[in-house]
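Asker: Quick one: this structure, given as structure tokens, is what I'll be asking you about.
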Amino acid sequence: MSPLVRRAAIAVSVGALLSGAALVNAQANESPGTAPDTRTTEVEPNAESLKEAAEATGRFMGTAIADGRLGDSTYTGIASSEFSSVTAENVMKWDAIQPQRGQFNLEPANRLMDFAAANAQQVWGHTLVWHSQLPGWVSNGGFGADELDGIIQDHISTVVGEYAGEIAYWDVVNEVFEDDGSLRQSVFLNTLGDGYIADAFRYAEAADPSAKLCINDYSTEHTNAKSDALYDLVSGMLDQGVPVDCVGFQMHLILDQYSASDIQSNLQRFADLGVEVVITELDIRMDMPSDDGKLAAQATQYADVVGVCVAVNGCAGVTIWGFGDADSWVPGTFPGQGAALPWDENYQPKPAYDGILQGFGAA
């Protein structure tokens with residue numbers, strides 16, 4: 001699909017999503033510190049898909065897309081019918097898209113873009129500057145500050161510029177904090193200092209002023225040292241005029257280890273800064289094997305978390321990190337845990353699917 005055709009299709013899909021998001025943004029700008037009910041749109045009582053339920057609240061419902069699954073008709077059938085937003089799981093990360101200096105591999109990313117355009121979905125770009133999944137030529141290049149800054153600027157301007165007008169949101173910087181709230185040691189911080197974060201946003205805005213630019217991290221959904229540090233960083237950048245449009249909360253949760261009320265108040269304080277907040281990588285893992293009781297509890301907890309987004313002024317949407325357990329990153333990273341997603345390993349919906357519908361107020 002040519003970029004011009006793709007852009008026309010994406011413009012239609014993003015326009016539809018933004019019309020719903022306008023309500024969310026308007027409510028977010030009413031009066032700081034207040035939390036009026038965001039469930040003021042007419043909710044479809046019998047939504048036929050997750051995206052339909054989300055759109056009834058003025059929000060989007062997204063999923064991460066695995067490039068290797070785009071030839072699987074079962075996978076693409078669910079991905080196209082249930083979600084209004086798609087995130088690049090891996091194909092836009094630095095090691096995939098610029099494996100060698102100056103050599104950009106756009107074909108996998110273009111497959112995602114074409115899939116989204118064909119299905120009238122918005123695209124969430126993930127991610128521009130991250131300490132992980134870096135090619136060795138960046139992480140071990142031994143560059144001085146000026147050269148590394150130029151490399152970052154070139155990477156962002158090339159990748160963001162390639163898809164200018166086509167990608168609705170970008171994770172500009174990803175996971176810049178340690179769990180204790182200190183800045184994560186990385187080649188970027190160690191060479192450039194903390195100014196690289198604000199500069200990355202400036203470079204992204206220059207490459208595509210129409211995209212919404214986000215900072216994304218994990219274990220920041222509750223009020224803790226890490227979320228406090230993130231809040232201070234975002235607040236400080238906004239005061240400096242840095243173009244931060246949204247904050248992404250990954251929410252890789254563990255069954256029974258969450259507080260919906262604390263998540264809600266934490267997300268609301270970020271939204272009160274005037275930025276969008278988004279649940280960007282939601283999954284809820286459990287100790288294996290799963291059973292009916294665990295799956296029922298998981299459904300309730302998906303409903304609670306999605307309901308938080310509906311209740312928070314300025315929460316633009318929810319993205320789950322994949323949708324079928326067959327594709328989940330969890331078992332490979334957390335041995336003995338799994339069953340984290342709303343579809344099982346055979347792409348059959350689990351109780352969590354209904355939980356998401358209920359979180360959006362549908363049945």
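The way I read the labels, and the way they are meant: chains A, B, ... in the order of the structure tokens, residue 1 as the first residue of every chain, and ligand 1 as the first ligand shown, with later ones counted on from there.
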Hey, what's within 10 Å of Val277 in chain A if we count only C-alpha atoms and toss same-chain stuff fewer than 5 positions away? As an NGL selection string, please?
Answerer: :A and (214-216 or 245-249 or 267-272 or 309 or 312-318)
Asker: Using only C-alpha atoms, tabulate the residues of range 162-213 of chain A lying at most 10 Å from any atom of range 101-117 of chain A, each with its closest atom pair and that distance in Å to one decimal, by chain and increasing residue number, as a Markdown table.
Answerer:
| residue | atom | partner | partner_atom | distance |
| --- | --- | --- | --- | --- |
| A:Glu162 | CA | A:Leu106 | CA | 9.1 |
| A:Tyr163 | CA | A:Met113 | CA | 8.9 |
| A:Glu166 | CA | A:Met113 | CA | 8.1 |
| A:Ile167 | CA | A:Met113 | CA | 8.5 |
Asker: Write out as a PyMOL selection string the set of residues from range 67-253 of chain A that DSSP, computed on the backbone, places in helix (DSSP H, G or I).
Answerer: chain A and resi 67-69+73-82+94-97+107-118+136-139+145-162+187-192+195-207+225-239
Asker: Deliver the residues from the most recent selection as a file, using C-alpha atoms, as a compact mmCIF listing (two decimals), in the first residue's frame.
Answerer:
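Produced file again09.txt, reproduced below:
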# COMPACT_ATOMS: atom_id res chain seq x y z
CA ASP A 67 4.44 -9.09 13.07
CA GLY A 68 4.87 -12.85 12.71
CA ARG A 69 1.13 -13.40 13.17
CA SER A 73 -6.29 -15.40 9.49
CA THR A 74 -7.59 -16.28 12.96
CA TYR A 75 -5.20 -13.77 14.51
CA THR A 76 -5.90 -11.01 12.01
CA GLY A 77 -9.64 -11.59 12.23
CA ILE A 78 -9.62 -10.83 15.94
CA ALA A 79 -7.10 -8.00 15.62
CA SER A 80 -9.13 -6.27 12.93
CA SER A 81 -12.60 -6.69 14.44
CA GLU A 82 -11.97 -6.08 18.15
CA TRP A 94 15.59 0.59 17.44
CA ASP A 95 17.24 -2.81 16.85
CA ALA A 96 14.51 -3.77 14.38
CA ILE A 97 14.15 -0.55 12.43
CA GLU A 107 9.35 -3.35 5.65
CA PRO A 108 8.02 -4.92 8.90
CA ALA A 109 6.78 -1.55 10.15
CA ASN A 110 5.09 -0.95 6.80
CA ARG A 111 3.22 -4.25 7.17
CA LEU A 112 1.73 -2.97 10.41
CA MET A 113 0.91 0.38 8.85
CA ASP A 114 -0.83 -1.31 5.91
CA PHE A 115 -2.80 -3.60 8.24
CA ALA A 116 -3.97 -0.61 10.27
CA ALA A 117 -4.93 1.39 7.20
CA ALA A 118 -6.87 -1.54 5.74
CA GLY A 136 25.16 -2.95 19.60
CA TRP A 137 26.37 -0.10 17.43
CA VAL A 138 24.39 2.29 19.66
CA SER A 139 24.86 0.72 23.08
CA ALA A 145 27.88 13.51 23.61
CA ASP A 146 27.59 15.52 20.41
CA GLU A 147 27.72 12.47 18.17
CA LEU A 148 25.23 10.46 20.23
CA ASP A 149 22.85 13.40 20.33
CA GLY A 150 23.09 13.60 16.54
CA ILE A 151 22.41 9.87 16.25
CA ILE A 152 19.27 10.20 18.39
CA GLN A 153 18.08 13.18 16.37
CA ASP A 154 18.69 11.38 13.08
CA HIS A 155 16.92 8.23 14.28
CA ILE A 156 13.86 10.13 15.48
CA SER A 157 13.65 12.48 12.51
CA THR A 158 13.95 9.58 10.05
CA VAL A 159 11.51 7.18 11.70
CA VAL A 160 8.92 9.72 12.83
CA GLY A 161 9.28 11.65 9.60
CA GLU A 162 8.72 8.50 7.54
CA VAL A 187 24.09 4.87 27.30
CA PHE A 188 21.80 7.88 26.86
CA LEU A 189 21.85 9.08 30.47
CA ASN A 190 25.52 8.28 31.00
CA THR A 191 26.61 10.16 27.87
CA LEU A 192 24.12 13.01 27.65
CA GLY A 195 18.48 16.40 29.05
CA TYR A 196 18.24 13.66 26.42
CA ILE A 197 14.64 13.03 27.51
CA ALA A 198 13.35 16.52 26.74
CA ASP A 199 15.46 16.70 23.58
CA ALA A 200 13.88 13.48 22.27
CA PHE A 201 10.45 15.10 22.56
CA ARG A 202 11.64 18.20 20.76
CA TYR A 203 13.11 16.13 17.93
CA ALA A 204 9.89 14.13 17.61
CA GLU A 205 7.73 17.24 17.48
CA ALA A 206 9.91 18.69 14.75
CA ALA A 207 9.53 15.49 12.72
CA ALA A 225 8.56 6.46 44.39
CA LYS A 226 8.67 5.67 40.68
CA SER A 227 5.37 7.31 39.81
CA ASP A 228 6.29 10.33 41.95
CA ALA A 229 9.54 10.70 39.99
CA LEU A 230 7.62 10.36 36.71
CA TYR A 231 5.13 12.98 37.85
CA ASP A 232 7.92 15.40 38.76
CA LEU A 233 9.65 14.82 35.41
CA VAL A 234 6.49 15.37 33.37
CA SER A 235 5.48 18.42 35.41
CA GLY A 236 8.94 19.90 35.02
CA MET A 237 9.07 19.32 31.27
CA LEU A 238 5.65 20.89 30.83
CA ASP A 239 6.83 23.94 32.79
Asker: Hey, what's within 12 Å of Thr87 in chain A if we count only C-alpha atoms and toss same-chain stuff fewer than 3 positions away? As a VMD selection string, please?
Answerer: chain A and resid 61 to 67 79 83 to 84 90 to 93 109 112 to 113 115 to 116 121 to 127 167 to 171 280 to 281 318 to 323
Asker: Give me every strand (DSSP E or B) residue in range 246-312 of chain A, going by DSSP on the backbone, as a PyMOL selection string.
Answerer: chain A and resi 246-249+252-254+276-287
Asker: For the selection you just gave me, I'd like the residues written to a file as a compact mmCIF listing (two decimals), in the first residue's frame, keeping all heavy atoms.
Answerer:
# COMPACT_ATOMS: atom_id res chain seq x y z
N CYS A 246 1.24 13.07 26.43
CA CYS A 246 0.58 11.99 27.16
C CYS A 246 1.57 11.18 27.97
O CYS A 246 2.78 11.20 27.72
CB CYS A 246 -0.20 11.09 26.20
SG CYS A 246 0.80 10.30 24.95
N VAL A 247 1.02 10.47 28.95
CA VAL A 247 1.79 9.58 29.81
C VAL A 247 1.18 8.19 29.69
O VAL A 247 -0.03 8.01 29.87
CB VAL A 247 1.77 10.04 31.28
CG1 VAL A 247 2.55 9.07 32.16
CG2 VAL A 247 2.33 11.47 31.39
N GLY A 248 2.02 7.21 29.36
CA GLY A 248 1.58 5.83 29.22
C GLY A 248 1.90 5.02 30.46
O GLY A 248 3.04 5.07 30.95
N PHE A 249 0.91 4.30 30.95
CA PHE A 249 1.07 3.42 32.11
C PHE A 249 0.94 1.98 31.61
O PHE A 249 -0.14 1.56 31.19
CB PHE A 249 0.00 3.74 33.16
CG PHE A 249 0.09 5.14 33.70
CD1 PHE A 249 -0.52 6.20 33.03
CD2 PHE A 249 0.80 5.42 34.85
CE1 PHE A 249 -0.43 7.50 33.49
CE2 PHE A 249 0.89 6.73 35.33
CZ PHE A 249 0.28 7.77 34.65
N HIS A 252 1.49 -3.98 33.57
CA HIS A 252 1.69 -5.43 33.56
C HIS A 252 1.43 -5.91 34.99
O HIS A 252 2.33 -5.93 35.83
CB HIS A 252 3.11 -5.77 33.10
CG HIS A 252 3.41 -5.34 31.70
ND1 HIS A 252 2.76 -5.91 30.62
CD2 HIS A 252 4.27 -4.43 31.20
CE1 HIS A 252 3.23 -5.36 29.51
NE2 HIS A 252 4.13 -4.45 29.83
N LEU A 253 0.18 -6.28 35.26
CA LEU A 253 -0.27 -6.54 36.62
C LEU A 253 -0.20 -8.02 36.97
O LEU A 253 -0.16 -8.88 36.10
CB LEU A 253 -1.70 -6.02 36.81
CG LEU A 253 -1.92 -4.53 36.52
CD1 LEU A 253 -3.39 -4.17 36.70
CD2 LEU A 253 -1.04 -3.66 37.40
N ILE A 254 -0.22 -8.29 38.26
CA ILE A 254 -0.28 -9.65 38.81
C ILE A 254 -1.62 -9.81 39.49
O ILE A 254 -2.10 -8.90 40.19
CB ILE A 254 0.86 -9.90 39.82
CG1 ILE A 254 2.22 -9.62 39.17
CG2 ILE A 254 0.80 -11.33 40.35
CD1 ILE A 254 3.38 -9.65 40.15
N GLU A 276 -2.85 13.76 28.31
CA GLU A 276 -3.64 12.53 28.25
C GLU A 276 -2.94 11.45 29.06
O GLU A 276 -1.70 11.42 29.14
CB GLU A 276 -3.81 12.05 26.81
CG GLU A 276 -4.70 12.91 25.97
CD GLU A 276 -4.92 12.34 24.58
OE1 GLU A 276 -4.58 11.16 24.32
OE2 GLU A 276 -5.44 13.08 23.74
N VAL A 277 -3.71 10.57 29.65
CA VAL A 277 -3.15 9.36 30.25
C VAL A 277 -3.73 8.17 29.50
O VAL A 277 -4.87 8.20 29.03
CB VAL A 277 -3.44 9.27 31.76
CG1 VAL A 277 -2.77 10.41 32.50
CG2 VAL A 277 -4.94 9.27 32.05
N VAL A 278 -2.91 7.14 29.34
CA VAL A 278 -3.30 5.98 28.56
C VAL A 278 -2.77 4.72 29.25
O VAL A 278 -1.64 4.70 29.74
CB VAL A 278 -2.74 6.05 27.12
CG1 VAL A 278 -3.21 4.86 26.30
CG2 VAL A 278 -3.15 7.35 26.44
N ILE A 279 -3.59 3.69 29.30
CA ILE A 279 -3.12 2.37 29.72
C ILE A 279 -2.57 1.70 28.46
O ILE A 279 -3.32 1.43 27.53
CB ILE A 279 -4.26 1.55 30.35
CG1 ILE A 279 -4.77 2.26 31.61
CG2 ILE A 279 -3.80 0.13 30.67
CD1 ILE A 279 -6.01 1.64 32.22
N THR A 280 -1.27 1.45 28.43
CA THR A 280 -0.60 1.15 27.16
C THR A 280 -0.24 -0.31 26.94
O THR A 280 -0.05 -0.72 25.79
CB THR A 280 0.69 1.97 27.04
OG1 THR A 280 1.51 1.73 28.20
CG2 THR A 280 0.39 3.45 26.89
N GLU A 281 -0.11 -1.12 28.00
CA GLU A 281 0.41 -2.48 27.80
C GLU A 281 -0.24 -3.46 28.78
O GLU A 281 0.41 -4.34 29.32
CB GLU A 281 1.93 -2.51 27.95
CG GLU A 281 2.67 -1.57 27.03
CD GLU A 281 4.19 -1.67 27.13
OE1 GLU A 281 4.70 -2.70 27.65
OE2 GLU A 281 4.88 -0.73 26.69
N LEU A 282 -1.53 -3.33 28.98
CA LEU A 282 -2.21 -4.06 30.04
C LEU A 282 -2.18 -5.57 29.83
O LEU A 282 -2.49 -6.07 28.74
CB LEU A 282 -3.66 -3.58 30.14
CG LEU A 282 -4.57 -4.30 31.13
CD1 LEU A 282 -4.07 -4.13 32.57
CD2 LEU A 282 -6.00 -3.79 30.98
N ASP A 283 -1.80 -6.30 30.86
CA ASP A 283 -2.08 -7.72 31.00
C ASP A 283 -2.10 -8.04 32.49
O ASP A 283 -1.58 -7.28 33.31
CB ASP A 283 -1.09 -8.62 30.22
CG ASP A 283 0.38 -8.29 30.47
OD1 ASP A 283 0.74 -7.89 31.59
OD2 ASP A 283 1.18 -8.43 29.52
N ILE A 284 -2.75 -9.14 32.85
CA ILE A 284 -2.88 -9.53 34.26
C ILE A 284 -2.51 -10.99 34.36
O ILE A 284 -3.30 -11.88 34.02
CB ILE A 284 -4.30 -9.27 34.80
CG1 ILE A 284 -4.70 -7.80 34.61
CG2 ILE A 284 -4.37 -9.65 36.28
CD1 ILE A 284 -6.12 -7.47 35.04
N ARG A 285 -1.31 -11.26 34.83
CA ARG A 285 -0.80 -12.63 34.86
C ARG A 285 -1.14 -13.32 36.19
O ARG A 285 -1.45 -12.66 37.18
CB ARG A 285 0.71 -12.65 34.63
CG ARG A 285 1.56 -11.96 35.68
CD ARG A 285 3.02 -11.92 35.23
NE ARG A 285 3.91 -11.37 36.23
CZ ARG A 285 4.28 -10.10 36.32
NH1 ARG A 285 3.78 -9.22 35.47
NH2 ARG A 285 5.12 -9.71 37.26
N MET A 286 -1.07 -14.64 36.16
CA MET A 286 -1.39 -15.43 37.34
C MET A 286 -0.43 -16.61 37.44
O MET A 286 0.21 -17.00 36.45
CB MET A 286 -2.82 -15.95 37.25
CG MET A 286 -3.08 -16.88 36.08
SD MET A 286 -4.81 -17.40 35.91
CE MET A 286 -5.60 -15.86 35.41
N ASP A 287 -0.34 -17.18 38.65
CA ASP A 287 0.42 -18.42 38.81
C ASP A 287 -0.30 -19.53 38.07
O ASP A 287 -1.53 -19.67 38.15
CB ASP A 287 0.56 -18.78 40.29
CG ASP A 287 1.46 -17.81 41.05
OD1 ASP A 287 2.33 -17.18 40.41
OD2 ASP A 287 1.28 -17.67 42.28
Asker: For Asp256 in chain A, work out the shell of residues within 8 Å, counting only C-alpha atoms and skipping chain neighbours fewer than 2 positions away, then give it as a ChimeraX atom specification.
Answerer: /A:254,258,297,301
Asker: Any chance you could export the current selection's N, CA, C and O atoms as an mmCIF file, in the first residue's frame?
Answerer:
data_model
loop_
_atom_site.group_PDB
_atom_site.id
_atom_site.type_symbol
_atom_site.label_atom_id
_atom_site.label_comp_id
_atom_site.auth_asym_id
_atom_site.auth_seq_id
_atom_site.Cartn_x
_atom_site.Cartn_y
_atom_site.Cartn_z
ATOM 1 N N ILE A 254 -0.217 -8.289 38.265
ATOM 2 C CA ILE A 254 -0.277 -9.647 38.810
ATOM 3 C C ILE A 254 -1.624 -9.815 39.492
ATOM 4 O O ILE A 254 -2.099 -8.903 40.192
ATOM 5 N N TYR A 258 -3.248 -5.315 43.226
ATOM 6 C CA TYR A 258 -3.540 -3.989 42.695
ATOM 7 C C TYR A 258 -4.557 -3.302 43.583
ATOM 8 O O TYR A 258 -5.257 -3.947 44.368
ATOM 9 N N ALA A 297 -11.587 -14.174 38.799
ATOM 10 C CA ALA A 297 -10.970 -13.028 39.469
ATOM 11 C C ALA A 297 -10.269 -12.127 38.456
ATOM 12 O O ALA A 297 -10.324 -10.895 38.552
ATOM 13 N N GLN A 301 -10.823 -8.114 37.643
ATOM 14 C CA GLN A 301 -9.734 -7.145 37.718
ATOM 15 C C GLN A 301 -9.514 -6.423 36.391
ATOM 16 O O GLN A 301 -9.177 -5.234 36.371
#
Asker: Find, counting only C-alpha atoms, the residue in A:Trp130, A:Phe143, A:Tyr353, A:Phe334 that gets nearest to Asn174 in chain A.
Answerer: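 Among A:Trp130, A:Phe143, A:Tyr353, A:Phe334, it is A:Trp130 that comes nearest to Asn174 in chain A.
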Asker: Of the residues A:Tyr347, A:Pro289, A:Val330, A:Gly361, which is the one nearest to Asp72 in chain A, using only C-alpha atoms?
Answerer: A:Tyr347
Asker: Using only C-alpha atoms for the distances, tell me which of A:Ala120, A:Phe60, A:Gln250, A:Ala54 is nearest to Gly359 in chain A.
Answerer: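 Going through A:Ala120, A:Phe60, A:Gln250, A:Ala54 one by one, the smallest distance to Gly359 in chain A is for A:Ala54.
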Asker: Interatomic distance between CA of Leu134 in chain A and CA of Ser186 in chain A?
Answerer: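 Distance reported for this atom pair: 10.6 Å.
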Asker: Let me make sure I understand: among A:Leu213, A:Ala88, A:Ala363, A:Met288, which one has the smallest atom-to-atom distance to Asn46 in chain A if we use only C-alpha atoms?
Answerer: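 Nearest to Asn46 in chain A: A:Ala363.
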Asker: Report, in Å with one decimal, the straight-line distance from CA of Leu295 in chain A to CA of Pro351 in chain A.
Answerer: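 Pair CA of Leu295 in chain A / CA of Pro351 in chain A returns 6.3 Å.
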